Structure formats: structure tokens, C-alpha cells
Amino acid sequence: MPGDALKEKLKQLHCHFTWDLQKENVDLDDLTYRSQDSSNAGAINQATSYNQLAFVNFLQGNYEEAIQNLKEAEKILNGNHKGEFERISIITYGNFAWVHYHMGHLTEAQSYLNKLEVICKALGDVPRYTSMLPEMYGEKGWSLLKSTADNYEEAKECFEKALEEDPDNTEWIMGYTTALSQLESFSRTPESDKQRQAVTHVRQVVELDPDDSVAVVPLTLKLPDFSEKQEANGLVKEPPQKATDLPYVFQYAAKFYRQKRTVEKGIKLLKEALEITPNFFHNEMAMCYKGRRRNMQKTPFCRNHHCLLSELICQCKYHFEKTYENSLSSAIKSQLDFANFCEVIGDCSKADEIYSNLVKLKNTCPESMQKICLYAGSFELHHKKSEFDAINLLLKGLKVDYDSNERKMCQKELENWADRKLCRYQHDGKALGIKALVYQLDGNKSKAIEYFQKALMIDPCNEEYLSALCELCLSIKSQNDD
């Protein structure tokens, strides 16, 4: 069949369709939101964002939108890199070929393969339809960074390969730095080698291109970790003056001020940013107002204190609601931020509404599902006092096989609940079962068996406990036989 032969050729390409970006491990709606944010807000890798948005639209069945996204990427590349357009369009053309193939447009798919063959032949590479250029590794690195934490290490390796060929390319240095920062954040190892390397590489970008606002602002966020606040303060004043075409730089600068608890400066910057890009940055603005409210609560009572506090709550809620309106219905972070704020101000009915909608989401990536279970479960436990629903949600988050801080927090909430229960009543079957499950996940098989046996004395027909106990006993027997 002609289509089968064409597909074999397409498999030789290097593009989003061959990079093993697994649909089941990615929150597609959240990725769409973040890719739209990057493409609309003037990000340095804008064409990359459109390429990724095209792939996400393809996964969601929006083929025509995917084609339009790729046309935008092609337009940006042609406008910004006329002298190198062909070599940096390899990934975009590869994506075009794959989308047309899935649409049944085999002639169009073959035409893009023909274009790629001409480009790669001129470059002198052995592969017929692709070329292992630093641009290819760089774009793959950015795409991996925008998917899931599982891909951060591979993203770092991609940027390393890109920098082997072009060591002074500031975009690849920033990609490498971002990967290091993400790995440091994900592993939660403060003052780590990765963090120090990240600062070193961002400084390198600033030295190579002193006007690079994109490099300066993340450096200001990292420098305070090394007690170099004077340098950070000096740098953060400059980016907004240079970044009218990169409004998202304001967001980084505002975050710097918020972390320093000088939120007034952050609010001022974000107001300027919202004039440039009205539909973005509301979430960061809301977080600034939230920080300002928290600061005010810590200060002594002053004149008009109550009125000022009420105004801050209104501003905060307004910007959270704008974030919610402008984002996709299932953009997880903005909804969790909004729900958490509603909890803080006592609007539990709104928080309940948001959490109820979130727990119904399907095809959510593991990390996002654990966050939803943690926040919604804690809300059920501490605000609604609904232990049954809370425990089920926290258990659901715990059982998602993905190592994250949220999973550890689900486990801690469950442990604390079980300990409180068992202090009051030693024969609580649910609490005993949870203790057993926690011991099992921690690898303490003997303790897990002990607690499953205790739980089964209370609830002898519980199939989950019976199955877990049987599995543990067989595992120990197998170890002893060996």
C-alpha cells in the first residue's frame, strides 16, 4: 500500500511525531494553554511553541488547527531567519508531512518529504530526510521541557548536544539552564550543583549578550539563593525597560519582587505588562495581591486596615477569576490557585465547585492528578470534614505511580489521619489498612503484612487487603527461596 511505504519514510524524520512524546503522560489541555501563552507572549522560542501546539492539536484531533499552527511557525522562521530558513525548517516540514499523512493527504505529505530530501542533500548529511543539526536538538529540548518532568533529563542532554556544535548560542544555553533549574526544582535539592551550574550559564548568556532580558530575569530569581542580592537588585531594574516586545519578562521580574516581599513593585510591573498583553499574567498579579494581603495581616492594625484588606481580597479574586476565564477549562494550575485562595478567604462553596470539576477530569497526566487529589482531598478533610471522600481522594493520589512531592504529601496526610484514628480506637479497619499500604509503598514488607493482617481481622472480606497480603507473602517467600 502506498500509505504504508510513505509511513516508513516518515518514521525516519526527527520531529514531534517521532520524539516519543507520549499522550498518556501529558496533560494536553494544560500543555495547550502553556504553548499558547508562549506563542502569544513573544517567547524566544515562539516558532517552537507553534510546532508543539500543532502536535497537541493533532493529538486532540484538531488537524486543521494543527496545519494553521505550522503555517505560523513557518512564517516566523521565514521572517526571523531568512538566511537559514531551510535548515531550521526541517522539524516544521516534518510535522507538516505527518499531519497531512494522518489527514489522508498523501500527495502533500510526500511533497514535504521531497522538500526535506532536497534540504538534507544540500547539507551533505547521510540521512535522506533529516539532519542532526543543533537546531533540531535545541527544539527537541524545548519541547521536552514543556511536556513532563520525566523528560527533563533528556531535554538537558539535547541542549548539551546542541551546544557541542554551537557553544555560544544563547538560546541553547538558556535551554540548558532551564533544564538544570527544572531538574533542581523537581529533585528539591537546595544549593545543588545543578542550581550553581544554572546560575553560571545564565551569567554566560548575559556576558555574551548584555541586552538579553530573557537571560537576566531568571538569573535574578536564582541569585538570592546565593546571597548576592545586590547584584540581583541591579539586574532586575533593567529587563522591563528593554522588553516591550517580550511582555512575559515582566512576569519573571514581578516574581522576583514577590519572593523578596516587595510586592508593590511587582504589581506596578504587571500593570504595565497587562497593558501590552491584556489576557495574560493575571495569575501572577493575583499571587502578588495575595502576598500583599498576607504582609498586611502581619502588620499592626492601622487606619482603614479593614477597608484595605477587603480591597486586596477583591483585587486578588478579580485576577484569579480573569486567569480562570482566559485559561482552558482544565488548566490545572490556575484552577488550583483560585480554589486555594477561595479556601483562604472562606469562600468554600466556590472552592468546592472548582475541586468537584477538577476531580472529574479524565486523561490527566499523573503529576496533575496527584496535585488535584492532594488539594481536593485536603479540602474535604479540613474544611468539609468529609473523611470518607478525603481518604478516597488522598489514596487515589498515593496510588498514582509517579514520584512527586504531591504524592509524598498525600502519604503524609493519610499517615497523620490514620495515627489520629488509631490513637482514639486501635481497631479502626480503614486506618489499619492505610498504615499497611504506606508501609508497603515504603518497602517495609514485614510491617505491611502485620497491619494488613490486623485490618483483615476487622474487615475479613476486603479484597484489596487480601490481594496485597497475598502479594507480600509471595514476595517474601520468593526472596527466601532465592
# chains A, B, ... in the order shown; residues from 1 in each chain; ligands from 1
call {"tool": "residues_around", "arguments": {"residues": "segment 370-373 of chain A", "least_positions_apart": "2", "cutoff": "10 Å", "atoms": "only C-alpha atoms", "output": "MDAnalysis selection string"}}
result
chainID A and resid 332:333 335:336 355:356 358:359 361 364:368 375:379 390:410
call {"tool": "residues_around", "arguments": {"residues": "segment 463-471 of chain A", "least_positions_apart": "2", "cutoff": "9 Å", "atoms": "only C-alpha atoms", "output": "compact mmCIF listing (two decimals) with N, CA and C atoms, in the first residue's frame"}}
result
# COMPACT_ATOMS: atom_id res chain seq x y z
N GLY A 433 -5.61 -0.38 57.49
CA GLY A 433 -5.33 -0.65 56.08
C GLY A 433 -4.44 0.41 55.45
N ALA A 436 -0.93 -0.04 56.59
CA ALA A 436 -0.35 -1.17 55.87
C ALA A 436 0.09 -0.76 54.47
N LEU A 437 -0.77 -0.01 53.79
CA LEU A 437 -0.44 0.43 52.44
C LEU A 437 0.78 1.34 52.43
N GLN A 440 3.81 -0.69 52.87
CA GLN A 440 4.07 -1.43 51.64
C GLN A 440 4.80 -0.54 50.62
N ALA A 448 4.04 -4.06 56.78
CA ALA A 448 2.86 -4.03 55.92
C ALA A 448 2.01 -5.28 56.14
N ILE A 449 2.66 -6.44 56.21
CA ILE A 449 1.94 -7.70 56.45
C ILE A 449 1.24 -7.66 57.81
N PHE A 452 -1.80 -5.33 57.50
CA PHE A 452 -2.85 -5.91 56.65
C PHE A 452 -3.58 -7.02 57.40
N GLN A 453 -2.82 -7.81 58.15
CA GLN A 453 -3.45 -8.88 58.95
C GLN A 453 -4.38 -8.30 60.01
N ALA A 455 -5.90 -5.38 59.80
CA ALA A 455 -7.04 -4.79 59.10
C ALA A 455 -8.03 -5.88 58.69
N LEU A 456 -7.51 -7.05 58.29
CA LEU A 456 -8.39 -8.14 57.85
C LEU A 456 -9.14 -8.78 59.02
N ASP A 459 -11.96 -6.39 58.92
CA ASP A 459 -12.67 -6.40 57.63
C ASP A 459 -12.21 -7.61 56.82
N PRO A 460 -12.65 -8.83 57.20
CA PRO A 460 -12.10 -10.06 56.62
C PRO A 460 -12.38 -10.28 55.13
N CYS A 461 -13.36 -9.60 54.59
CA CYS A 461 -13.71 -9.80 53.18
C CYS A 461 -13.14 -8.73 52.25
N CYS A 473 3.29 -11.78 50.87
CA CYS A 473 3.75 -13.08 51.37
C CYS A 473 4.49 -13.85 50.28
N LEU A 474 3.97 -13.81 49.05
CA LEU A 474 4.63 -14.48 47.93
C LEU A 474 5.99 -13.85 47.64
N SER A 475 6.05 -12.52 47.78
CA SER A 475 7.31 -11.81 47.53
C SER A 475 8.38 -12.23 48.54
N ILE A 476 7.99 -12.31 49.82
CA ILE A 476 8.94 -12.71 50.85
C ILE A 476 9.36 -14.16 50.65
call {"tool": "atom_distance", "arguments": {"atom1": "atom CA of Asn114 of chain A", "atom2": "atom CA of Tyr63 of chain A"}}
result
21.6 Å
call {"tool": "residues_around", "arguments": {"residues": "Leu106 of chain A", "least_positions_apart": "6", "cutoff": "12 Å", "atoms": "only C-alpha atoms", "output": "list in words"}}
result
Met1, Pro2, Gly3, Asp4, Ala5, Leu6, Lys7, Leu10, Phe96, Ala97, Trp98, Val99, His100, Tyr112 and Leu113 of chain A
call {"tool": "write_last_selection", "arguments": {"atoms": "N, CA and C atoms", "output": "compact mmCIF listing (two decimals), in the first residue's frame"}}
result
# COMPACT_ATOMS: atom_id res chain seq x y z
N MET A 1 0.84 -1.20 0.00
CA MET A 1 0.00 0.00 0.00
C MET A 1 0.88 1.26 0.00
N PRO A 2 0.54 2.25 -0.82
CA PRO A 2 1.34 3.48 -0.88
C PRO A 2 1.47 4.16 0.48
N GLY A 3 0.37 4.16 1.27
CA GLY A 3 0.39 4.80 2.58
C GLY A 3 1.38 4.14 3.52
N ASP A 4 1.50 2.82 3.46
CA ASP A 4 2.43 2.10 4.34
C ASP A 4 3.88 2.44 4.00
N ALA A 5 4.19 2.52 2.70
CA ALA A 5 5.55 2.86 2.28
C ALA A 5 5.88 4.29 2.70
N LEU A 6 4.88 5.18 2.59
CA LEU A 6 5.08 6.57 3.00
C LEU A 6 5.33 6.67 4.49
N LYS A 7 4.59 5.89 5.28
CA LYS A 7 4.75 5.93 6.73
C LYS A 7 6.14 5.48 7.15
N LEU A 10 8.29 8.39 6.78
CA LEU A 10 8.01 9.39 7.82
C LEU A 10 8.66 9.04 9.15
N PHE A 96 4.58 18.96 9.26
CA PHE A 96 3.62 19.13 8.15
C PHE A 96 3.36 17.78 7.48
N ALA A 97 4.44 17.05 7.19
CA ALA A 97 4.30 15.77 6.49
C ALA A 97 3.45 14.79 7.29
N TRP A 98 3.69 14.72 8.60
CA TRP A 98 2.95 13.78 9.45
C TRP A 98 1.47 14.15 9.55
N VAL A 99 1.17 15.44 9.72
CA VAL A 99 -0.24 15.84 9.84
C VAL A 99 -0.98 15.55 8.54
N HIS A 100 -0.37 15.90 7.41
CA HIS A 100 -1.02 15.62 6.12
C HIS A 100 -1.22 14.12 5.92
N TYR A 112 6.29 17.31 1.16
CA TYR A 112 7.16 17.78 2.25
C TYR A 112 8.38 16.87 2.41
N LEU A 113 8.19 15.59 2.19
CA LEU A 113 9.34 14.68 2.21
C LEU A 113 10.33 15.05 1.11
call {"tool": "residues_around", "arguments": {"residues": "Phe338 of chain A", "least_positions_apart": "2", "cutoff": "8 Å", "atoms": "only C-alpha atoms", "output": "JSON list (two decimals) with all heavy atoms, in the first residue's frame"}}
result
[["chain", "number", "residue", "atom", "x", "y", "z"],
["A", 317, "LYS", "N", -9.18, 38.27, 44.02],
["A", 317, "LYS", "CA", -10.21, 37.41, 43.46],
["A", 317, "LYS", "C", -10.48, 37.77, 42.00],
["A", 317, "LYS", "O", -10.67, 36.88, 41.15],
["A", 317, "LYS", "CB", -11.50, 37.54, 44.28],
["A", 317, "LYS", "CG", -12.55, 36.49, 43.91],
["A", 317, "LYS", "CD", -13.70, 36.51, 44.90],
["A", 317, "LYS", "CE", -14.70, 35.38, 44.57],
["A", 317, "LYS", "NZ", -15.83, 35.37, 45.52],
["A", 320, "PHE", "N", -7.66, 36.29, 39.88],
["A", 320, "PHE", "CA", -7.78, 34.83, 39.80],
["A", 320, "PHE", "C", -8.92, 34.44, 38.86],
["A", 320, "PHE", "O", -8.79, 33.50, 38.06],
["A", 320, "PHE", "CB", -8.04, 34.23, 41.19],
["A", 320, "PHE", "CG", -6.79, 33.88, 41.94],
["A", 320, "PHE", "CD1", -6.60, 34.30, 43.25],
["A", 320, "PHE", "CD2", -5.79, 33.11, 41.35],
["A", 320, "PHE", "CE1", -5.45, 33.97, 43.95],
["A", 320, "PHE", "CE2", -4.63, 32.79, 42.04],
["A", 320, "PHE", "CZ", -4.46, 33.22, 43.34],
["A", 321, "GLU", "N", -10.02, 35.17, 38.93],
["A", 321, "GLU", "CA", -11.15, 34.87, 38.05],
["A", 321, "GLU", "C", -10.81, 35.15, 36.60],
["A", 321, "GLU", "O", -11.21, 34.40, 35.70],
["A", 321, "GLU", "CB", -12.38, 35.69, 38.48],
["A", 321, "GLU", "CG", -13.02, 35.16, 39.75],
["A", 321, "GLU", "CD", -14.18, 36.00, 40.24],
["A", 321, "GLU", "OE1", -14.25, 37.20, 39.86],
["A", 321, "GLU", "OE2", -15.01, 35.48, 41.01],
["A", 324, "TYR", "N", -8.79, 32.33, 35.35],
["A", 324, "TYR", "CA", -9.69, 31.19, 35.13],
["A", 324, "TYR", "C", -10.47, 31.35, 33.83],
["A", 324, "TYR", "O", -10.61, 30.41, 33.05],
["A", 324, "TYR", "CB", -10.65, 31.10, 36.32],
["A", 324, "TYR", "CG", -11.56, 29.89, 36.32],
["A", 324, "TYR", "CD1", -11.04, 28.62, 36.53],
["A", 324, "TYR", "CD2", -12.92, 30.04, 36.12],
["A", 324, "TYR", "CE1", -11.87, 27.53, 36.55],
["A", 324, "TYR", "CE2", -13.76, 28.94, 36.13],
["A", 324, "TYR", "CZ", -13.24, 27.68, 36.35],
["A", 324, "TYR", "OH", -14.06, 26.59, 36.35],
["A", 334, "SER", "N", -3.97, 27.11, 37.30],
["A", 334, "SER", "CA", -4.77, 28.31, 37.57],
["A", 334, "SER", "C", -5.99, 27.97, 38.41],
["A", 334, "SER", "O", -6.38, 28.74, 39.30],
["A", 334, "SER", "CB", -5.19, 28.98, 36.27],
["A", 334, "SER", "OG", -6.01, 28.11, 35.49],
["A", 335, "GLN", "N", -6.60, 26.81, 38.17],
["A", 335, "GLN", "CA", -7.77, 26.42, 38.95],
["A", 335, "GLN", "C", -7.40, 26.09, 40.39],
["A", 335, "GLN", "O", -8.14, 26.45, 41.32],
["A", 335, "GLN", "CB", -8.46, 25.22, 38.29],
["A", 335, "GLN", "CG", -9.08, 25.55, 36.94],
["A", 335, "GLN", "CD", -10.14, 24.56, 36.57],
["A", 335, "GLN", "OE1", -11.15, 24.43, 37.25],
["A", 335, "GLN", "NE2", -9.92, 23.84, 35.48],
["A", 336, "LEU", "N", -6.29, 25.42, 40.59],
["A", 336, "LEU", "CA", -5.87, 25.09, 41.96],
["A", 336, "LEU", "C", -5.51, 26.35, 42.74],
["A", 336, "LEU", "O", -5.83, 26.47, 43.93],
["A", 336, "LEU", "CB", -4.68, 24.12, 41.93],
["A", 336, "LEU", "CG", -4.99, 22.69, 41.49],
["A", 336, "LEU", "CD1", -3.71, 21.87, 41.38],
["A", 336, "LEU", "CD2", -5.96, 22.02, 42.45],
["A", 340, "ASN", "N", -7.57, 27.40, 46.04],
["A", 340, "ASN", "CA", -6.83, 27.58, 47.29],
["A", 340, "ASN", "C", -7.10, 28.96, 47.89],
["A", 340, "ASN", "O", -7.27, 29.10, 49.10],
["A", 340, "ASN", "CB", -5.34, 27.38, 47.05],
["A", 340, "ASN", "CG", -4.51, 27.57, 48.31],
["A", 340, "ASN", "OD1", -3.82, 28.56, 48.46],
["A", 340, "ASN", "ND2", -4.59, 26.63, 49.23],
["A", 341, "PHE", "N", -7.15, 29.98, 47.04],
["A", 341, "PHE", "CA", -7.45, 31.33, 47.52],
["A", 341, "PHE", "C", -8.86, 31.40, 48.09],
["A", 341, "PHE", "O", -9.09, 32.03, 49.13],
["A", 341, "PHE", "CB", -7.29, 32.34, 46.38],
["A", 341, "PHE", "CG", -7.71, 33.73, 46.78],
["A", 341, "PHE", "CD1", -6.95, 34.49, 47.64],
["A", 341, "PHE", "CD2", -8.89, 34.27, 46.29],
["A", 341, "PHE", "CE1", -7.33, 35.77, 48.01],
["A", 341, "PHE", "CE2", -9.30, 35.55, 46.65],
["A", 341, "PHE", "CZ", -8.52, 36.30, 47.51],
["A", 342, "CYS", "N", -9.81, 30.74, 47.42],
["A", 342, "CYS", "CA", -11.19, 30.73, 47.92],
["A", 342, "CYS", "C", -11.26, 30.09, 49.31],
["A", 342, "CYS", "O", -12.02, 30.53, 50.18],
["A", 342, "CYS", "CB", -12.10, 29.98, 46.95],
["A", 342, "CYS", "SG", -12.39, 30.87, 45.40],
["A", 351, "ALA", "N", -14.69, 27.13, 46.15],
["A", 351, "ALA", "CA", -13.59, 26.16, 46.18],
["A", 351, "ALA", "C", -14.13, 24.76, 45.91],
["A", 351, "ALA", "O", -13.55, 23.99, 45.14],
["A", 351, "ALA", "CB", -12.88, 26.21, 47.53]]
call {"tool": "residues_around", "arguments": {"residues": "Ala155 of chain A", "least_positions_apart": "5", "cutoff": "8 Å", "atoms": "only C-alpha atoms", "output": "VMD selection string"}}
result
chain A and resid 140 to 142 144 to 145 176 179
call {"tool": "write_last_selection", "arguments": {"atoms": "N, CA and C atoms", "output": "compact mmCIF listing (two decimals), in the first residue's frame"}}
result
# COMPACT_ATOMS: atom_id res chain seq x y z
N LYS A 140 13.99 20.09 20.09
CA LYS A 140 13.55 18.90 20.82
C LYS A 140 13.68 19.14 22.33
N GLY A 141 14.77 19.79 22.74
CA GLY A 141 14.95 20.10 24.16
C GLY A 141 13.84 20.96 24.71
N TRP A 142 13.48 22.05 23.98
CA TRP A 142 12.40 22.92 24.44
C TRP A 142 11.08 22.16 24.52
N LEU A 144 10.59 18.93 25.01
CA LEU A 144 10.62 18.01 26.14
C LEU A 144 10.41 18.76 27.46
N LEU A 145 10.97 19.97 27.56
CA LEU A 145 10.81 20.76 28.78
C LEU A 145 9.35 21.15 29.01
N TYR A 176 19.53 24.88 28.21
CA TYR A 176 20.29 24.02 29.12
C TYR A 176 20.12 24.48 30.56
N ALA A 179 16.68 23.56 31.82
CA ALA A 179 16.61 22.13 32.15
C ALA A 179 17.27 21.86 33.50
call {"tool": "atom_distance", "arguments": {"atom1": "atom CA of Asp166 of chain A", "atom2": "atom CA of Gln46 of chain A"}}
result
20.1 Å
call {"tool": "atom_distance", "arguments": {"atom1": "atom CA of Ala122 of chain A", "atom2": "atom CA of Lys161 of chain A"}}
result
22.0 Å
call {"tool": "residues_around", "arguments": {"residues": "Ala418 of chain A", "least_positions_apart": "6", "cutoff": "8 Å", "atoms": "only C-alpha atoms", "output": "NGL selection string"}}
result
:A and (430-432 or 434-435)
